[in-house]
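What follows is a single structure, written as structure tokens, with notes after it.
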2 protein chains.
Amino acid sequence: MTDPVPDTILDAATPALILDRQRLQENADRMRGRVAQLGVMLRPHVKTSKSIDVLRMLSGGADVPITVSTLAEARYFFGQGVRDILYAVGIAPVKLPQVAELIRAGCTLRIILDSIEAADAVQAYGSAEELRIEALVEVDTDGKRAGVDPNDELLIEIARRLSSGPGAGLAGVMTHAGGSYSARTLGEFEAIAERERAGAVTAANRLRSAGFPVAIVSVGSTPTVHYARALDGVTEARVGVYAFGDLVQAELGTCAIDDIAISVLASVIGHSPTHGRVLVDAGFLALSRDRGTADFAVDWGYGAVCDANGEVIPNVRVENSNQEHGIITAVSGELDLSRFPIGARVRILPNHACATAAAYDRYLVTDGSQQVVDVWERVNGW
Amino acid sequence: MTDPVPDTILDAATPALILDRQRLQENADRMRGRVAQLGVMLRPHVKTSKSIDVLRMLSGGADVPITVSTLAEARYFFGQGVRDILYAVGIAPVKLPQVAELIRAGCTLRIILDSIEAADAVQAYGSAEELRIEALVEVDTDGKRAGVDPNDELLIEIARRLSSGPGAGLAGVMTHAGGSYSARTLGEFEAIAERERAGAVTAANRLRSAGFPVAIVSVGSTPTVHYARALDGVTEARVGVYAFGDLVQAELGTCAIDDIAISVLASVIGHSPTHGRVLVDAGFLALSRDRGTADFAVDWGYGAVCDANGEVIPNVRVENSNQEHGIITAVSGELDLSRFPIGARVRILPNHACATAAAYDRYLVTDGSQQVVDVWERVNGW
């Protein structure tokens, strides 16, 4: 974007992504307190914000290790001085040259995998390149995505392959209980957090018993770290979306709606008294197609609607979206169109902060008022 | 992206967006023939491709007028030499300075609106800036999104406001029957196409009877232009997604699956024999969250799966997605995991081409083989 920096959000072309720095600060402080209480290290997942400025707030200014979801993030954050990076998507062999380039440049970049084929590919590539590539074995603790069963012999065999030559090395184990997003009661959240912890620790201990050193035992999702009663045996927590919060997180109880730190600024471009709806210039490219609250008690459609100050307008949501149009309606009853004059600005809270923020290459930063106090860049793509 | 241009798609880091130039050419030729047969002018909607190289194929190398969905597109295409641009999202007053800048630079940029408030805002702004801003009145022909009822007195009043001073002018009427996406039978498609045509022509004729000249009568969506039996009284057709086609369009019958010109290249990163699934490194950021085929006879999940040559693998789809993970399963029965070795490349056909392409800033162009013959840039953002 070549837009100049606006003085206030009312000067910004719409749609635009607003970041409330005060809320971010509070979310960051809360999570730092939480992981300290649990006795583990924080390894923020930067896939949510993809911004060095956001990371500095999450870390309280300290050097922290990070988790990334793309090698574009790894290159960007390494370029910004971050040294300890976990690339937490199962490695594709075609990406090993990019991994090697970062390691050679001095980055402590670790990868993850969950198969003999991948372990052998890493070992072969590292040996050929005279490079040691450290990997964590991904462990499955909820059956939702990737990973080896912590009790499967495959776990030991993968460790053996990683340790069988100079090209690779076993750095630890990691798991992600994405199933935590399906939990609804405190009991369910606590149970899945404990299963995540126990699965990772079981895997680590089985590897240790088999003679492999396991330095890193990494778990995490915002819901499991929020609800975990203990993380004994775990060394680090990976959490991402807590930085911004979103409507899904609010429904999961890990934040309040008033904690949500990002919103999409949009302009009112039309009215339909007949259909009781208002059109804004933020459609699914600006909001994302994410319908994450569809299965929750409150279905926010494509987002909850706030006024230009960020105050939630009750009973109003973005019911539908086209590419560059958002259709605002009342959740129930009639929409008061007089609240939405043509040209007025609204701010839309996202279902899923990671998906929504990905549409933008910068944040307009505020301190809660309409004043734009800074502009922070994001790194997108792969 | 700073990636070098790969020789073949197998050298490309994944995920990446592949464009089959032969299929694009065929789609382009078919639509040019279609609108010639209907006797209207083609005004391609570039929101799908956002690429000057794609536009050159759509236009057959000629100068064509275009439709845009963002002012970023307008600036980019104007910079590439396109002179006649319709910005087809109801104008937000905050964007008028950007509109003025393009008009002053020599762009024939027209905007759309459907309210007295917007018409007055444009008239006031244009008068203050000593600039004439031409607008089309948006007409509602299916009750799905924006526009004035063609028989409403409001239509005449908006024209009057646009014509009441030197700052604005009435250029015509436009409508978009997005409701065509809900049609399923030939009869329904033909009926909604005729309603789109008739509504626009009714509005134009009412304005003419009231003494206003109406040069442009603009209609369009890929389904309505594909199925229209006639477009009498219409001057131009706006169509976008036909350029690439997608799984929704295939379900709507406007293209075949083998006409789909874009696909997301992904690498296999994991297997789960227990769950009968394969993981790839294309998640919802690479595929989009669009679930457009959910309501059709065939629900393709997050996309249909092809081999590296672009041949559809029967009975296989991306059932679920996380940010950077796609989960491939069999539509019915068991998935043959042996077709998906770790590191193998697959190509995923999108539900909605516009949504999927928006995640990328370039296309890897092929001529149907795995050879990369060119790289074409896209313009994203606002």
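Residues are named by chain letter and number: chains run A, B, ... in the order of the structure tokens, numbers start at 1 in each chain, and ligands are numbered from 1 in the order shown.
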In stretch 34-225 of chain A, DSSP alpha helix (DSSP H) residues written as a ChimeraX atom specification: /A:34-38,52-58,71-79,96-104,116-129,153-162,186-209,222-225
As a compact mmCIF listing (two decimals) with C-alpha atoms, in the first residue's frame, please: the residues near A:Arg195 (cut-off 10 Å, only C-alpha atoms, same-chain neighbours under 2 positions excluded).
```txt
# COMPACT_ATOMS: atom_id res chain seq x y z
CA THR A 141 -2.90 -35.61 21.26
CA ASP A 142 -6.39 -35.02 19.90
CA ALA A 177 -4.49 -29.56 20.58
CA PHE A 189 -11.18 -27.36 28.25
CA GLU A 190 -9.28 -28.64 31.27
CA ALA A 191 -9.45 -32.22 30.00
CA ILE A 192 -8.10 -31.39 26.56
CA ALA A 193 -5.35 -29.20 28.01
CA ARG A 197 0.29 -31.90 28.22
CA ALA A 198 0.24 -35.59 29.09
CA GLY A 199 0.66 -36.71 25.47
CA ALA A 200 3.69 -34.49 24.92
CA VAL A 201 5.29 -35.54 28.22
CA THR A 224 -5.40 -25.00 26.26
CA ALA A 228 -4.50 -25.63 31.71
```
Residues of chain B within 6 Å of chain A, only C-alpha atoms counted, as a PDB file with C-alpha atoms, in the first residue's frame:
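So iface_2.pdb came out as:
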```pdb
ATOM      1  CA  GLY B  90     -20.996   2.002  -4.069  1.00  0.00           C
ATOM      2  CA  ALA B  92     -17.809   5.980   0.081  1.00  0.00           C
ATOM      3  CA  PRO B  93     -17.304   9.744   0.365  1.00  0.00           C
ATOM      4  CA  ILE B 269       3.603 -33.096   4.481  1.00  0.00           C
ATOM      5  CA  ARG B 289     -12.024 -19.978   3.728  1.00  0.00           C
ATOM      6  CA  ASP B 290     -14.592 -20.049   0.940  1.00  0.00           C
ATOM      7  CA  GLY B 343       6.890 -34.458  -0.620  1.00  0.00           C
TER       8      GLY B 343
END
```
Residue list (strand (DSSP E or B), DSSP) for stretch 240-354 of chain A, as number ranges by chain: A: 262-272, 277-280, 301, 304-306, 312-321, 326-330, 345-349
